[in-house]
Amino acid sequence: MISLTLIKNKKFKIENRSLKKLKDDHCRLNILSSGICASDIPRAYDSMAYHYPLVLGHEFVGKITHVGKKVTKFSIGDVVSAFPLVPCCLSKKKINICEYCVDEKFNLCNNYNYYGSRIDGSFAENLDVHQWNLFKVSKNLPSEQSSLIEPMAVVFNIISKFKNDLNDKKKVLILGAGFLGQILSRVLKKIARHHQVHILDRNEFKLNLSKQYSNEQYLSSRNKNNLNLQKELNSKFDIVIETTGNNKCFKDAILFAKKDGKVFYSGNIDKSLFLKKNEVSDILRKQINIKGVWNSSFKTKNNDWKQAHTFLLENKRFEELISHETNLENSAKLLDLINEMKKGKRKNNYIKGVIKNY
């Protein structure tokens, strides 16, 4: 089996690995397509990997080639994606299952594993996945779009946090016109037509891509002072959604939210964050409601994965968000390029990269 292995910080290697014996409750997948998540870049290039060697990749779709003896709901030939978080309730030692797994809030599990992060993931020809994590995908979806189900499920988790506001006219600001921001604007345009959706980013290419799906776009600067823009947006929005993980955007979310407004943090923070006294005071005096969003709901009544799958089937214009494609053998070059674009060393026309294995 060929895999792209992170052997140390900033260093990948194409390896030929032996397949291990398939566990009874697992299925073996031939990986068709893997999305590159924004979190894969700091994990690979900023010493944020839990261990080495590590095979990255947690946004994927594959075809089942083998099934374990205890697999009952999947068959050879099924096309599947997978919820990447492996909760503690799947442990063979079902003694100390955490309270969140008992309540079926699996994304909040206290003691989890994670494909492509804590255990090997999908930047490989094959991956063995626990049957519990698998999600059957329609064969009518192109595989590169099927690999978008995981991040789209995260978007539906974000939206679920303000679902009671969807029928009201609200002014929404999305911080970041990257992949999550692009999906958010498209979904809100479809299911919350009363909302005024605004989007802010420092990349004009990304903002232009969002014009059809947002009422107004704001271009910030990477290097210059944005005081005029901050004054223009200060305390204007009912809902602010931070999607980038940039610590300045975390602060801006508080600044831009109205009194009694709502702030949602969904981006993985990339640096330490320090709030000044006046910034904390702003939270109190404006009575801002702050909510964190982590991963997505799975195997629950409000299943974000089912909603994401349905939305993908009904709205097949997401291929425009796949800006870069490559094969497994050349995937390290694409990851290097994405890292350079994110650090401002190259012109950034990147939205989503996909590694195709077929």
# chains A, B, ... in the order shown; residues from 1 in each chain; ligands from 1

call {"tool": "residues_around", "arguments": {"residues": "Lys73 in chain A", "least_positions_apart": "3", "cutoff": "10 Å", "atoms": "only C-alpha atoms", "output": "list in words"}}
result
Lys70, Gln131, Trp132, Leu134 and Lys136 of chain A

call {"tool": "residues_around", "arguments": {"residues": "Phe83 in chain A", "least_positions_apart": "3", "cutoff": "9 Å", "atoms": "only C-alpha atoms", "output": "short mmCIF file (atom, residue, chain, number, x, y, z; two decimals) with all heavy atoms, in the first residue's frame"}}
result
data_model
loop_
_atom_site.label_atom_id
_atom_site.label_comp_id
_atom_site.auth_asym_id
_atom_site.auth_seq_id
_atom_site.Cartn_x
_atom_site.Cartn_y
_atom_site.Cartn_z
N HIS A 58 -8.41 13.41 6.78
CA HIS A 58 -9.63 12.99 7.47
C HIS A 58 -10.90 13.36 6.70
O HIS A 58 -12.00 13.11 7.16
CB HIS A 58 -9.69 13.59 8.88
CG HIS A 58 -9.74 15.09 8.92
ND1 HIS A 58 -8.61 15.86 8.98
CD2 HIS A 58 -10.78 15.96 8.88
CE1 HIS A 58 -8.95 17.14 9.00
NE2 HIS A 58 -10.26 17.23 8.91
N GLU A 59 -10.74 13.96 5.51
CA GLU A 59 -11.88 14.25 4.64
C GLU A 59 -11.76 13.32 3.43
O GLU A 59 -10.95 13.57 2.54
CB GLU A 59 -11.85 15.70 4.17
CG GLU A 59 -11.81 16.73 5.29
CD GLU A 59 -11.62 18.15 4.75
OE1 GLU A 59 -11.58 18.32 3.51
OE2 GLU A 59 -11.52 19.08 5.55
N VAL A 86 -13.08 9.00 16.47
CA VAL A 86 -13.36 7.66 16.99
C VAL A 86 -13.60 7.79 18.49
O VAL A 86 -12.66 7.95 19.28
CB VAL A 86 -12.18 6.70 16.73
CG1 VAL A 86 -12.53 5.29 17.19
CG2 VAL A 86 -11.78 6.71 15.26
N TYR A 115 -8.87 10.00 12.90
CA TYR A 115 -8.18 9.62 11.66
C TYR A 115 -7.46 10.83 11.07
O TYR A 115 -8.01 11.93 10.98
CB TYR A 115 -9.17 9.05 10.64
CG TYR A 115 -9.73 7.70 11.02
CD1 TYR A 115 -11.05 7.56 11.46
CD2 TYR A 115 -8.95 6.56 10.97
CE1 TYR A 115 -11.58 6.33 11.82
CE2 TYR A 115 -9.47 5.31 11.32
CZ TYR A 115 -10.78 5.21 11.76
OH TYR A 115 -11.28 3.97 12.13
N TRP A 132 -18.58 1.66 12.64
CA TRP A 132 -19.41 2.68 13.29
C TRP A 132 -19.21 4.04 12.64
O TRP A 132 -20.14 4.84 12.55
CB TRP A 132 -19.06 2.74 14.78
CG TRP A 132 -19.90 3.71 15.57
CD1 TRP A 132 -21.06 3.43 16.25
CD2 TRP A 132 -19.65 5.11 15.77
NE1 TRP A 132 -21.54 4.57 16.85
CE2 TRP A 132 -20.69 5.61 16.57
CE3 TRP A 132 -18.65 5.98 15.35
CZ2 TRP A 132 -20.76 6.96 16.96
CZ3 TRP A 132 -18.72 7.32 15.73
CH2 TRP A 132 -19.75 7.80 16.53
N ASN A 133 -18.01 4.33 12.19
CA ASN A 133 -17.67 5.65 11.65
C ASN A 133 -18.11 5.84 10.20
O ASN A 133 -18.12 6.97 9.71
CB ASN A 133 -16.16 5.88 11.71
CG ASN A 133 -15.65 6.00 13.13
OD1 ASN A 133 -15.45 4.99 13.81
ND2 ASN A 133 -15.45 7.22 13.58
N LEU A 134 -18.49 4.76 9.54
CA LEU A 134 -18.75 4.85 8.10
C LEU A 134 -20.10 5.47 7.79
O LEU A 134 -21.08 5.30 8.53
CB LEU A 134 -18.66 3.46 7.47
CG LEU A 134 -17.27 2.81 7.48
CD1 LEU A 134 -17.35 1.41 6.91
CD2 LEU A 134 -16.27 3.65 6.70
N PHE A 135 -20.14 6.18 6.67
CA PHE A 135 -21.36 6.83 6.19
C PHE A 135 -21.49 6.52 4.70
O PHE A 135 -20.61 6.87 3.91
CB PHE A 135 -21.29 8.34 6.41
CG PHE A 135 -22.52 9.09 5.97
CD1 PHE A 135 -23.58 9.27 6.83
CD2 PHE A 135 -22.61 9.60 4.68
CE1 PHE A 135 -24.72 9.95 6.43
CE2 PHE A 135 -23.74 10.28 4.26
CZ PHE A 135 -24.80 10.46 5.14
N GLU A 150 -17.47 15.77 4.96
CA GLU A 150 -17.03 16.03 6.34
C GLU A 150 -17.01 17.53 6.66
O GLU A 150 -17.62 17.96 7.64
CB GLU A 150 -15.66 15.39 6.59
CG GLU A 150 -15.26 15.34 8.06
CD GLU A 150 -14.63 16.62 8.58
OE1 GLU A 150 -14.06 17.38 7.76
OE2 GLU A 150 -14.70 16.88 9.80
N SER A 296 -18.79 17.79 14.17
CA SER A 296 -20.17 17.70 13.70
C SER A 296 -20.89 16.60 14.46
O SER A 296 -20.27 15.74 15.09
CB SER A 296 -20.20 17.40 12.19
OG SER A 296 -19.45 16.23 11.89
N PHE A 298 -23.09 13.19 14.69
CA PHE A 298 -23.09 11.95 13.92
C PHE A 298 -23.80 10.90 14.74
O PHE A 298 -23.66 10.85 15.96
CB PHE A 298 -21.64 11.53 13.65
CG PHE A 298 -21.48 10.36 12.71
CD1 PHE A 298 -21.78 10.49 11.37
CD2 PHE A 298 -21.02 9.13 13.16
CE1 PHE A 298 -21.63 9.42 10.48
CE2 PHE A 298 -20.85 8.06 12.30
CZ PHE A 298 -21.16 8.21 10.95
N TRP A 305 -24.38 14.94 9.14
CA TRP A 305 -23.88 14.23 7.96
C TRP A 305 -25.01 13.96 6.96
O TRP A 305 -24.81 14.09 5.75
CB TRP A 305 -23.21 12.93 8.39
CG TRP A 305 -21.82 13.18 8.89
CD1 TRP A 305 -21.48 13.84 10.03
CD2 TRP A 305 -20.60 12.84 8.24
NE1 TRP A 305 -20.11 13.93 10.15
CE2 TRP A 305 -19.55 13.31 9.06
CE3 TRP A 305 -20.29 12.16 7.07
CZ2 TRP A 305 -18.21 13.13 8.72
CZ3 TRP A 305 -18.96 11.98 6.73
CH2 TRP A 305 -17.93 12.47 7.56
#

call {"tool": "closest_atom_pairs", "arguments": {"of": "range 17-97 of chain A", "to": "range 260-284 of chain A", "cutoff": "9 Å", "atoms": "only C-alpha atoms", "output": "tab-separated table"}}
result
residue	atom	partner	partner_atom	distance
A:Ala38	CA	A:Asn268	CA	8.9
A:Ser39	CA	A:Asn268	CA	7.2
A:Pro42	CA	A:Asp270	CA	7.9

call {"tool": "closest_atom_pairs", "arguments": {"of": "range 294-343 of chain A", "to": "range 21-35 of chain A", "cutoff": "10 Å", "atoms": "only C-alpha atoms", "output": "tab-separated table"}}
result
residue	atom	partner	partner_atom	distance
A:Ile322	CA	A:Gly35	CA	9.1
A:Glu325	CA	A:Gly35	CA	9.3
A:Thr326	CA	A:Ser33	CA	9.9
A:Asn327	CA	A:Ser33	CA	9.1
A:Leu328	CA	A:Ser34	CA	9.5

call {"tool": "residues_around", "arguments": {"residues": "Tyr112 in chain A", "least_positions_apart": "2", "cutoff": "7 Å", "atoms": "only C-alpha atoms", "output": "list in words"}}
result
Leu85, Val86, Pro87, Cys88, Cys109, Asn110 and Tyr114 of chain A

call {"tool": "select_by_dssp", "arguments": {"residues": "range 19-69 of chain A", "states": "alpha helix (DSSP H)", "output": "VMD selection string"}}
result
chain A and resid 40 to 45

call {"tool": "closest_residue", "arguments": {"among": "A:Ser323, A:Gln182, A:Asn302, A:Asn234", "to": "Ser160 in chain A", "atoms": "only C-alpha atoms"}}
result
A:Asn302

call {"tool": "atom_distance", "arguments": {"atom1": "CA of Thr72 in chain A", "atom2": "CA of Met152 in chain A"}}
result
27.1 Å

call {"tool": "atom_distance", "arguments": {"atom1": "CA of Phe179 in chain A", "atom2": "CA of Leu321 in chain A"}}
result
7.2 Å

call {"tool": "select_by_dssp", "arguments": {"residues": "range 26-268 of chain A", "states": "strand (DSSP E)", "output": "VMD selection string"}}
result
chain A and resid 26 to 36 59 to 67 79 to 82 85 to 86 113 to 114 126 to 130 134 to 136 171 to 175 196 to 201 216 to 219 237 to 242 257 to 265

call {"tool": "closest_residue", "arguments": {"among": "A:Met341, A:Ile64, A:Val129, A:Val240", "to": "Asn289 in chain A", "atoms": "only C-alpha atoms"}}
result
A:Val240

call {"tool": "residues_around", "arguments": {"residues": "Thr300 in chain A", "least_positions_apart": "5", "cutoff": "9 Å", "atoms": "only C-alpha atoms", "output": "PyMOL selection string"}}
result
chain A and resi 104-106

call {"tool": "residues_around", "arguments": {"residues": "Gly116 in chain A", "least_positions_apart": "5", "cutoff": "12 Å", "atoms": "only C-alpha atoms", "output": "NGL selection string"}}
result
:A and (3-6 or 34-37 or 39-40 or 43-44 or 49-60 or 82-86 or 121-124 or 127 or 129)
